[in-house]
>>> print(open('start36.tsv').read())   # TSV, N, CA and C atoms
chain	number	residue	atom	x	y	z
A	1	MET	N	-3.46	43.96	46.31
A	1	MET	CA	-3.09	42.70	45.68
A	1	MET	C	-1.60	42.72	45.32
A	2	ASN	N	-0.94	41.62	45.52
A	2	ASN	CA	0.47	41.50	45.18
A	2	ASN	C	0.59	41.04	43.72
A	3	TRP	N	0.80	41.99	42.83
A	3	TRP	CA	0.83	41.67	41.40
A	3	TRP	C	2.01	40.80	41.02
A	4	SER	N	3.11	40.94	41.70
A	4	SER	CA	4.27	40.10	41.36
A	4	SER	C	3.98	38.63	41.66
A	5	GLY	N	3.25	38.36	42.74
A	5	GLY	CA	2.86	36.99	43.05
A	5	GLY	C	1.93	36.41	42.00
A	6	PHE	N	1.03	37.24	41.50
A	6	PHE	CA	0.11	36.80	40.44
A	6	PHE	C	0.89	36.47	39.18
A	7	MET	N	1.89	37.28	38.86
A	7	MET	CA	2.68	37.04	37.65
A	7	MET	C	3.48	35.75	37.77
A	8	GLU	N	4.01	35.46	38.96
A	8	GLU	CA	4.73	34.22	39.18
A	8	GLU	C	3.80	33.03	39.00
A	9	PHE	N	2.58	33.13	39.53
A	9	PHE	CA	1.61	32.07	39.39
A	9	PHE	C	1.31	31.82	37.92
A	10	ASP	N	1.05	32.89	37.19
A	10	ASP	CA	0.75	32.77	35.76
A	10	ASP	C	1.94	32.20	35.01
A	11	ARG	N	3.13	32.61	35.34
A	11	ARG	CA	4.34	32.11	34.69
A	11	ARG	C	4.51	30.62	34.97
A	12	ASP	N	4.34	30.22	36.21
A	12	ASP	CA	4.46	28.80	36.55
A	12	ASP	C	3.43	27.97	35.80
A	13	LEU	N	2.21	28.47	35.70
A	13	LEU	CA	1.17	27.74	34.99
A	13	LEU	C	1.53	27.60	33.51
A	14	GLN	N	2.04	28.63	32.91
A	14	GLN	CA	2.45	28.57	31.50
A	14	GLN	C	3.58	27.56	31.29
A	15	ILE	N	4.50	27.52	32.21
A	15	ILE	CA	5.60	26.55	32.15
A	15	ILE	C	5.05	25.13	32.32
A	16	LEU	N	4.14	24.96	33.25
A	16	LEU	CA	3.54	23.64	33.46
A	16	LEU	C	2.78	23.16	32.23
A	17	LEU	N	2.15	24.06	31.51
A	17	LEU	CA	1.47	23.67	30.28
A	17	LEU	C	2.47	23.16	29.23
A	18	LEU	N	3.65	23.74	29.20
A	18	LEU	CA	4.70	23.23	28.30
A	18	LEU	C	5.16	21.85	28.74
A	19	ILE	N	5.36	21.68	30.03
A	19	ILE	CA	5.76	20.37	30.57
A	19	ILE	C	4.68	19.34	30.24
A	20	LEU	N	3.43	19.71	30.39
A	20	LEU	CA	2.32	18.82	30.08
A	20	LEU	C	2.35	18.39	28.62
A	21	LYS	N	2.67	19.32	27.74
A	21	LYS	CA	2.77	18.98	26.32
A	21	LYS	C	3.79	17.88	26.08
A	22	TYR	N	4.94	17.98	26.72
A	22	TYR	CA	5.99	16.97	26.52
A	22	TYR	C	5.70	15.66	27.23
A	23	THR	N	5.07	15.72	28.40
A	23	THR	CA	4.72	14.45	29.06
A	23	THR	C	3.65	13.72	28.26
A	24	ARG	N	2.74	14.45	27.63
A	24	ARG	CA	1.74	13.82	26.75
A	24	ARG	C	2.40	13.14	25.57
A	25	ARG	N	3.36	13.82	24.97
A	25	ARG	CA	4.06	13.24	23.83
A	25	ARG	C	4.79	11.96	24.22
A	26	ILE	N	5.41	11.98	25.39
A	26	ILE	CA	6.10	10.78	25.87
A	26	ILE	C	5.10	9.66	26.12
A	27	SER	N	3.98	10.00	26.72
A	27	SER	CA	2.95	8.98	26.97
A	27	SER	C	2.46	8.36	25.68
A	28	LEU	N	2.24	9.17	24.66
A	28	LEU	CA	1.82	8.65	23.36
A	28	LEU	C	2.89	7.76	22.75
A	29	LEU	N	4.12	8.20	22.83
A	29	LEU	CA	5.22	7.42	22.26
A	29	LEU	C	5.33	6.07	22.94
A	30	THR	N	5.35	6.06	24.26
A	30	THR	CA	5.53	4.78	24.97
A	30	THR	C	4.33	3.86	24.81
A	31	SER	N	3.15	4.43	24.62
A	31	SER	CA	1.97	3.58	24.43
A	31	SER	C	1.90	3.00	23.02
A	32	ASN	N	2.66	3.56	22.10
A	32	ASN	CA	2.64	3.09	20.71
A	32	ASN	C	3.81	2.18	20.36
A	33	VAL	N	4.58	1.78	21.34
A	33	VAL	CA	5.65	0.81	21.09
A	33	VAL	C	5.36	-0.44	21.91
A	34	GLU	N	5.87	-1.55	21.44
A	34	GLU	CA	5.61	-2.84	22.09
A	34	GLU	C	6.43	-3.06	23.36
A	35	GLY	N	7.38	-2.20	23.61
A	35	GLY	CA	8.21	-2.35	24.80
A	35	GLY	C	9.57	-1.73	24.58
A	36	LYS	N	10.43	-1.94	25.55
A	36	LYS	CA	11.76	-1.35	25.50
A	36	LYS	C	12.54	-1.77	24.27
A	37	GLU	N	12.41	-3.02	23.86
A	37	GLU	CA	13.18	-3.51	22.71
A	37	GLU	C	12.83	-2.74	21.44
A	38	GLU	N	11.53	-2.54	21.19
A	38	GLU	CA	11.13	-1.77	20.01
A	38	GLU	C	11.56	-0.32	20.14
A	39	PHE	N	11.43	0.23	21.33
A	39	PHE	CA	11.84	1.61	21.57
A	39	PHE	C	13.32	1.80	21.24
A	40	VAL	N	14.16	0.92	21.76
A	40	VAL	CA	15.61	1.03	21.54
A	40	VAL	C	15.98	0.77	20.08
A	41	ALA	N	15.26	-0.15	19.43
A	41	ALA	CA	15.56	-0.49	18.04
A	41	ALA	C	15.31	0.68	17.09
A	42	LYS	N	14.44	1.57	17.47
A	42	LYS	CA	14.11	2.72	16.62
A	42	LYS	C	14.79	3.95	17.21
A	43	TYR	N	15.97	4.26	16.70
A	43	TYR	CA	16.78	5.33	17.28
A	43	TYR	C	16.03	6.66	17.30
A	44	GLU	N	15.12	6.87	16.36
A	44	GLU	CA	14.38	8.13	16.36
A	44	GLU	C	13.50	8.25	17.60
A	45	PHE	N	13.03	7.13	18.15
A	45	PHE	CA	12.26	7.17	19.38
A	45	PHE	C	13.14	7.61	20.55
A	46	VAL	N	14.34	7.08	20.60
A	46	VAL	CA	15.29	7.46	21.65
A	46	VAL	C	15.62	8.95	21.53
A	47	ASP	N	15.86	9.39	20.29
A	47	ASP	CA	16.16	10.81	20.07
A	47	ASP	C	15.01	11.71	20.51
A	48	LEU	N	13.80	11.36	20.10
A	48	LEU	CA	12.63	12.16	20.47
A	48	LEU	C	12.43	12.20	21.98
A	49	ALA	N	12.46	11.05	22.60
A	49	ALA	CA	12.24	10.99	24.04
A	49	ALA	C	13.32	11.77	24.79
A	50	SER	N	14.55	11.67	24.34
A	50	SER	CA	15.65	12.40	24.99
A	50	SER	C	15.44	13.90	24.86
A	51	PHE	N	15.03	14.33	23.68
A	51	PHE	CA	14.77	15.76	23.48
A	51	PHE	C	13.61	16.24	24.35
A	52	TRP	N	12.54	15.44	24.40
A	52	TRP	CA	11.39	15.84	25.21
A	52	TRP	C	11.74	15.88	26.69
A	53	LEU	N	12.56	14.93	27.15
A	53	LEU	CA	13.00	14.96	28.55
A	53	LEU	C	13.88	16.18	28.82
A	54	LEU	N	14.71	16.53	27.86
A	54	LEU	CA	15.54	17.72	28.00
A	54	LEU	C	14.64	18.95	28.14
A	55	GLN	N	13.59	19.02	27.34
A	55	GLN	CA	12.66	20.15	27.41
A	55	GLN	C	11.94	20.19	28.76
A	56	ILE	N	11.54	19.03	29.24
A	56	ILE	CA	10.91	18.96	30.56
A	56	ILE	C	11.87	19.47	31.63
A	57	SER	N	13.11	19.03	31.57
A	57	SER	CA	14.12	19.47	32.54
A	57	SER	C	14.33	20.97	32.48
A	58	GLU	N	14.47	21.50	31.27
A	58	GLU	CA	14.66	22.95	31.10
A	58	GLU	C	13.50	23.73	31.69
A	59	ASN	N	12.29	23.26	31.41
A	59	ASN	CA	11.12	23.98	31.90
A	59	ASN	C	10.95	23.84	33.40
A	60	CYS	N	11.26	22.69	33.95
A	60	CYS	CA	11.20	22.55	35.42
A	60	CYS	C	12.16	23.52	36.09
A	61	ASN	N	13.29	23.76	35.46
A	61	ASN	CA	14.27	24.69	36.00
A	61	ASN	C	13.74	26.13	36.02
A	62	LYS	N	12.79	26.43	35.15
A	62	LYS	CA	12.22	27.78	35.06
A	62	LYS	C	11.09	28.02	36.06
A	63	LEU	N	10.58	26.96	36.67
A	63	LEU	CA	9.53	27.14	37.67
A	63	LEU	C	10.06	27.93	38.85
A	64	SER	N	9.19	28.72	39.45
A	64	SER	CA	9.61	29.52	40.59
A	64	SER	C	10.03	28.63	41.76
A	65	LEU	N	10.94	29.14	42.56
A	65	LEU	CA	11.40	28.42	43.74
A	65	LEU	C	10.22	28.16	44.68
A	66	GLU	N	9.32	29.12	44.79
A	66	GLU	CA	8.16	28.97	45.67
A	66	GLU	C	7.29	27.79	45.22
A	67	PHE	N	7.10	27.65	43.92
A	67	PHE	CA	6.29	26.55	43.40
A	67	PHE	C	6.96	25.22	43.71
A	68	LYS	N	8.25	25.13	43.44
A	68	LYS	CA	8.97	23.87	43.68
A	68	LYS	C	8.99	23.52	45.16
A	69	GLN	N	9.06	24.52	46.02
A	69	GLN	CA	9.03	24.26	47.45
A	69	GLN	C	7.64	23.82	47.90
A	70	GLU	N	6.61	24.44	47.33
A	70	GLU	CA	5.24	24.08	47.70
A	70	GLU	C	4.93	22.64	47.32
A	71	PHE	N	5.49	22.18	46.21
A	71	PHE	CA	5.25	20.83	45.74
A	71	PHE	C	6.55	20.02	45.80
A	72	GLY	N	7.10	19.97	46.99
A	72	GLY	CA	8.38	19.32	47.22
A	72	GLY	C	8.35	17.81	47.08
A	73	ASN	N	7.17	17.22	46.92
A	73	ASN	CA	7.08	15.77	46.72
A	73	ASN	C	7.52	15.37	45.31
A	74	ILE	N	7.62	16.32	44.42
A	74	ILE	CA	8.14	16.06	43.07
A	74	ILE	C	9.65	16.24	43.12
A	75	PRO	N	10.43	15.30	42.57
A	75	PRO	CA	11.90	15.42	42.64
A	75	PRO	C	12.46	16.42	41.62
A	76	TRP	N	12.17	17.70	41.84
A	76	TRP	CA	12.55	18.74	40.88
A	76	TRP	C	14.04	18.74	40.60
A	77	ARG	N	14.84	18.62	41.62
A	77	ARG	CA	16.30	18.68	41.45
A	77	ARG	C	16.78	17.56	40.52
A	78	GLU	N	16.27	16.35	40.70
A	78	GLU	CA	16.68	15.23	39.86
A	78	GLU	C	16.22	15.43	38.42
A	79	ILE	N	15.01	15.94	38.26
A	79	ILE	CA	14.50	16.21	36.91
A	79	ILE	C	15.38	17.24	36.22
A	80	ILE	N	15.70	18.29	36.92
A	80	ILE	CA	16.52	19.36	36.35
A	80	ILE	C	17.93	18.86	36.04
A	81	ARG	N	18.51	18.08	36.94
A	81	ARG	CA	19.87	17.57	36.72
A	81	ARG	C	19.94	16.61	35.54
A	82	PHE	N	18.83	15.92	35.24
A	82	PHE	CA	18.83	14.98	34.13
A	82	PHE	C	19.18	15.67	32.81
A	83	ARG	N	18.88	16.94	32.69
A	83	ARG	CA	19.14	17.70	31.47
A	83	ARG	C	20.58	17.56	30.99
A	84	THR	N	21.49	17.46	31.91
A	84	THR	CA	22.91	17.38	31.57
A	84	THR	C	23.22	16.18	30.68
A	85	ILE	N	22.54	15.07	30.90
A	85	ILE	CA	22.86	13.85	30.15
A	85	ILE	C	22.54	13.98	28.67
A	86	PRO	N	21.28	14.27	28.28
A	86	PRO	CA	21.05	14.39	26.84
A	86	PRO	C	21.71	15.63	26.23
A	87	ALA	N	21.93	16.65	27.03
A	87	ALA	CA	22.53	17.88	26.50
A	87	ALA	C	24.04	17.74	26.28
A	88	HIS	N	24.74	17.02	27.16
A	88	HIS	CA	26.20	16.99	27.09
A	88	HIS	C	26.79	15.60	26.90
A	89	TRP	N	26.08	14.58	27.32
A	89	TRP	CA	26.62	13.22	27.23
A	89	TRP	C	25.64	12.28	26.53
A	90	TYR	N	25.03	12.77	25.47
A	90	TYR	CA	23.99	11.99	24.80
A	90	TYR	C	24.47	10.62	24.37
A	91	GLU	N	25.69	10.54	23.87
A	91	GLU	CA	26.21	9.26	23.36
A	91	GLU	C	26.39	8.22	24.46
A	92	SER	N	26.48	8.66	25.69
A	92	SER	CA	26.62	7.71	26.80
A	92	SER	C	25.31	7.49	27.55
A	93	LEU	N	24.21	7.95	26.98
A	93	LEU	CA	22.89	7.78	27.59
A	93	LEU	C	22.55	6.30	27.71
A	94	ASP	N	22.20	5.89	28.91
A	94	ASP	CA	21.82	4.49	29.17
A	94	ASP	C	20.34	4.34	28.82
A	95	VAL	N	20.05	3.59	27.74
A	95	VAL	CA	18.67	3.47	27.28
A	95	VAL	C	17.79	2.71	28.28
A	96	ASP	N	18.38	1.85	29.10
A	96	ASP	CA	17.60	1.17	30.14
A	96	ASP	C	17.09	2.18	31.16
A	97	ILE	N	17.95	3.09	31.56
A	97	ILE	CA	17.55	4.13	32.51
A	97	ILE	C	16.54	5.07	31.84
A	98	LEU	N	16.80	5.42	30.60
A	98	LEU	CA	15.87	6.27	29.86
A	98	LEU	C	14.49	5.64	29.80
A	99	TRP	N	14.41	4.37	29.43
A	99	TRP	CA	13.13	3.68	29.35
A	99	TRP	C	12.44	3.65	30.72
A	100	ASP	N	13.20	3.40	31.76
A	100	ASP	CA	12.64	3.37	33.11
A	100	ASP	C	12.03	4.73	33.48
A	101	ILE	N	12.71	5.80	33.15
A	101	ILE	CA	12.19	7.14	33.42
A	101	ILE	C	10.89	7.37	32.64
A	102	LEU	N	10.90	6.95	31.38
A	102	LEU	CA	9.73	7.17	30.52
A	102	LEU	C	8.49	6.44	31.01
A	103	VAL	N	8.66	5.20	31.45
A	103	VAL	CA	7.46	4.40	31.80
A	103	VAL	C	7.12	4.45	33.29
A	104	ASN	N	8.06	4.85	34.14
A	104	ASN	CA	7.78	4.87	35.58
A	104	ASN	C	7.68	6.27	36.17
A	105	ASP	N	8.54	7.17	35.75
A	105	ASP	CA	8.59	8.50	36.36
A	105	ASP	C	7.73	9.53	35.63
A	106	ILE	N	7.76	9.51	34.32
A	106	ILE	CA	7.01	10.50	33.55
A	106	ILE	C	5.50	10.40	33.80
A	107	PRO	N	4.92	9.20	33.89
A	107	PRO	CA	3.48	9.15	34.19
A	107	PRO	C	3.11	9.84	35.51
A	108	ILE	N	3.98	9.76	36.51
A	108	ILE	CA	3.72	10.42	37.79
A	108	ILE	C	3.77	11.93	37.62
A	109	LEU	N	4.80	12.41	36.93
A	109	LEU	CA	4.91	13.85	36.67
A	109	LEU	C	3.73	14.32	35.82
A	110	HIS	N	3.38	13.55	34.82
A	110	HIS	CA	2.27	13.90	33.94
A	110	HIS	C	0.97	14.05	34.74
A	111	GLU	N	0.70	13.10	35.59
A	111	GLU	CA	-0.52	13.13	36.40
A	111	GLU	C	-0.55	14.36	37.30
A	112	PHE	N	0.58	14.65	37.95
A	112	PHE	CA	0.65	15.82	38.82
A	112	PHE	C	0.39	17.10	38.02
A	113	VAL	N	1.10	17.26	36.91
A	113	VAL	CA	0.98	18.49	36.12
A	113	VAL	C	-0.44	18.62	35.55
A	114	GLN	N	-0.97	17.53	35.06
A	114	GLN	CA	-2.32	17.57	34.49
A	114	GLN	C	-3.35	17.99	35.54
A	115	GLN	N	-3.28	17.39	36.72
A	115	GLN	CA	-4.22	17.74	37.79
A	115	GLN	C	-4.06	19.21	38.21
A	116	TYR	N	-2.82	19.65	38.33
A	116	TYR	CA	-2.58	21.04	38.72
A	116	TYR	C	-3.16	22.00	37.68
A	117	CYS	N	-2.91	21.72	36.41
A	117	CYS	CA	-3.40	22.60	35.34
A	117	CYS	C	-4.93	22.60	35.26
A	118	GLU	N	-5.55	21.47	35.50
A	118	GLU	CA	-7.02	21.40	35.47
A	118	GLU	C	-7.63	22.23	36.59
A	119	ILE	N	-7.00	22.24	37.74
A	119	ILE	CA	-7.51	23.01	38.87
A	119	ILE	C	-7.30	24.51	38.68
A	120	HIS	N	-6.19	24.85	38.06
A	120	HIS	CA	-5.85	26.27	37.93
A	120	HIS	C	-6.12	26.74	36.52
>>> encode(input="start36.tsv", output="structure tokens")
Amino acid sequence: MNWSGFMEFDRDLQILLLILKYTRRISLLTSNVEGKEEFVAKYEFVDLASFWLLQISENCNKLSLEFKQEFGNIPWREIIRFRTIPAHWYESLDVDILWDILVNDIPILHEFVQQYCEIH
């Protein structure tokens, strides 16, 4: 048995569980607001969502190259690159783009991660 491969699998699964935690939080947040206007009006929502997206980006970056290649239909590079915005240019964050990511992209990532974790 290749023990290093097993450890990578276990590590990827642990990272995915962290990503799942943050996608769940985002799903709860977006389902509890009336829309983009309420989301933007409450700066703490923007702060929370930005932090959770940063965490998702950081954790996606920790996934093994083999995992990201195997599931190349997920835009890993774009998710990872997004980290730069809340980490370094938070004040210039476009809330329209942020909202779009939260309601259109995160549900797709959430569904993928949830299904993967349930199977494994």
>>> atom_distance(input="start36.tsv", atom1="atom N of A:Thr23", atom2="atom C of A:Phe67")
18.1 Å
>>> atom_distance(input="start36.tsv", atom1="atom CA of A:Leu48", atom2="atom CA of A:Val103")
14.7 Å
>>> select_by_dssp(input="start36.tsv", residues="chain A", states="helix (DSSP H, G or I)", output="PyMOL selection string")
chain A and resi 3-31+36-41+43-62+65-70+76-82+84-88+90-92+95-119
>>> closest_residue(input="start36.tsv", among="A:Phe45, A:Phe82, A:Phe71, A:Trp52", to="A:Leu29", atoms="all atoms listed in the file")
A:Phe45
>>> atom_distance(input="start36.tsv", atom1="atom N of A:Phe39", atom2="atom CA of A:Leu54")
19.2 Å
>>> closest_residue(input="start36.tsv", among="A:Glu58, A:Ile74, A:Gln69, A:Leu20", to="A:Gln115", atoms="only C-alpha atoms")
A:Leu20
>>> residues_near_point(input="start36.tsv", point="(11.4, 5.8, 30.6)", cutoff="10 Å", atoms="only C-alpha atoms", output="PyMOL selection string")
chain A and resi 26-27+30+36+39+46+49-50+53+95-107
>>> write_last_selection(input="start36.tsv", atoms="N, CA and C atoms", output="short mmCIF file (atom, residue, chain, number, x, y, z; two decimals), in the frame of the given file")
data_model
loop_
_atom_site.label_atom_id
_atom_site.label_comp_id
_atom_site.auth_asym_id
_atom_site.auth_seq_id
_atom_site.Cartn_x
_atom_site.Cartn_y
_atom_site.Cartn_z
N ILE A 26 5.41 11.98 25.39
CA ILE A 26 6.10 10.78 25.87
C ILE A 26 5.10 9.66 26.12
N SER A 27 3.98 10.00 26.72
CA SER A 27 2.95 8.98 26.97
C SER A 27 2.46 8.36 25.68
N THR A 30 5.35 6.06 24.26
CA THR A 30 5.53 4.78 24.97
C THR A 30 4.33 3.86 24.81
N LYS A 36 10.43 -1.94 25.55
CA LYS A 36 11.76 -1.35 25.50
C LYS A 36 12.54 -1.77 24.27
N PHE A 39 11.43 0.23 21.33
CA PHE A 39 11.84 1.61 21.57
C PHE A 39 13.32 1.80 21.24
N VAL A 46 14.34 7.08 20.60
CA VAL A 46 15.29 7.46 21.65
C VAL A 46 15.62 8.95 21.53
N ALA A 49 12.46 11.05 22.60
CA ALA A 49 12.24 10.99 24.04
C ALA A 49 13.32 11.77 24.79
N SER A 50 14.55 11.67 24.34
CA SER A 50 15.65 12.40 24.99
C SER A 50 15.44 13.90 24.86
N LEU A 53 12.56 14.93 27.15
CA LEU A 53 13.00 14.96 28.55
C LEU A 53 13.88 16.18 28.82
N VAL A 95 20.05 3.59 27.74
CA VAL A 95 18.67 3.47 27.28
C VAL A 95 17.79 2.71 28.28
N ASP A 96 18.38 1.85 29.10
CA ASP A 96 17.60 1.17 30.14
C ASP A 96 17.09 2.18 31.16
N ILE A 97 17.95 3.09 31.56
CA ILE A 97 17.55 4.13 32.51
C ILE A 97 16.54 5.07 31.84
N LEU A 98 16.80 5.42 30.60
CA LEU A 98 15.87 6.27 29.86
C LEU A 98 14.49 5.64 29.80
N TRP A 99 14.41 4.37 29.43
CA TRP A 99 13.13 3.68 29.35
C TRP A 99 12.44 3.65 30.72
N ASP A 100 13.20 3.40 31.76
CA ASP A 100 12.64 3.37 33.11
C ASP A 100 12.03 4.73 33.48
N ILE A 101 12.71 5.80 33.15
CA ILE A 101 12.19 7.14 33.42
C ILE A 101 10.89 7.37 32.64
N LEU A 102 10.90 6.95 31.38
CA LEU A 102 9.73 7.17 30.52
C LEU A 102 8.49 6.44 31.01
N VAL A 103 8.66 5.20 31.45
CA VAL A 103 7.46 4.40 31.80
C VAL A 103 7.12 4.45 33.29
N ASN A 104 8.06 4.85 34.14
CA ASN A 104 7.78 4.87 35.58
C ASN A 104 7.68 6.27 36.17
N ASP A 105 8.54 7.17 35.75
CA ASP A 105 8.59 8.50 36.36
C ASP A 105 7.73 9.53 35.63
N ILE A 106 7.76 9.51 34.32
CA ILE A 106 7.01 10.50 33.55
C ILE A 106 5.50 10.40 33.80
N PRO A 107 4.92 9.20 33.89
CA PRO A 107 3.48 9.15 34.19
C PRO A 107 3.11 9.84 35.51
#
>>> closest_residue(input="start36.tsv", among="A:Val33, A:Leu63, A:Arg81, A:Glu44", to="A:Leu16", atoms="only N, CA and C atoms")
A:Leu63
>>> closest_residue(input="start36.tsv", among="A:Leu28, A:Leu93, A:Leu18, A:Pro75", to="A:Ile56", atoms="all atoms listed in the file")
A:Leu18
>>> closest_residue(input="start36.tsv", among="A:Gln55, A:Leu17, A:Glu66, A:Leu109", to="A:Ile80", atoms="only C-alpha atoms")
A:Gln55
>>> closest_residue(input="start36.tsv", among="A:Arg77, A:Arg24, A:Lys62, A:His120", to="A:Asp10", atoms="only C-alpha atoms")
A:His120
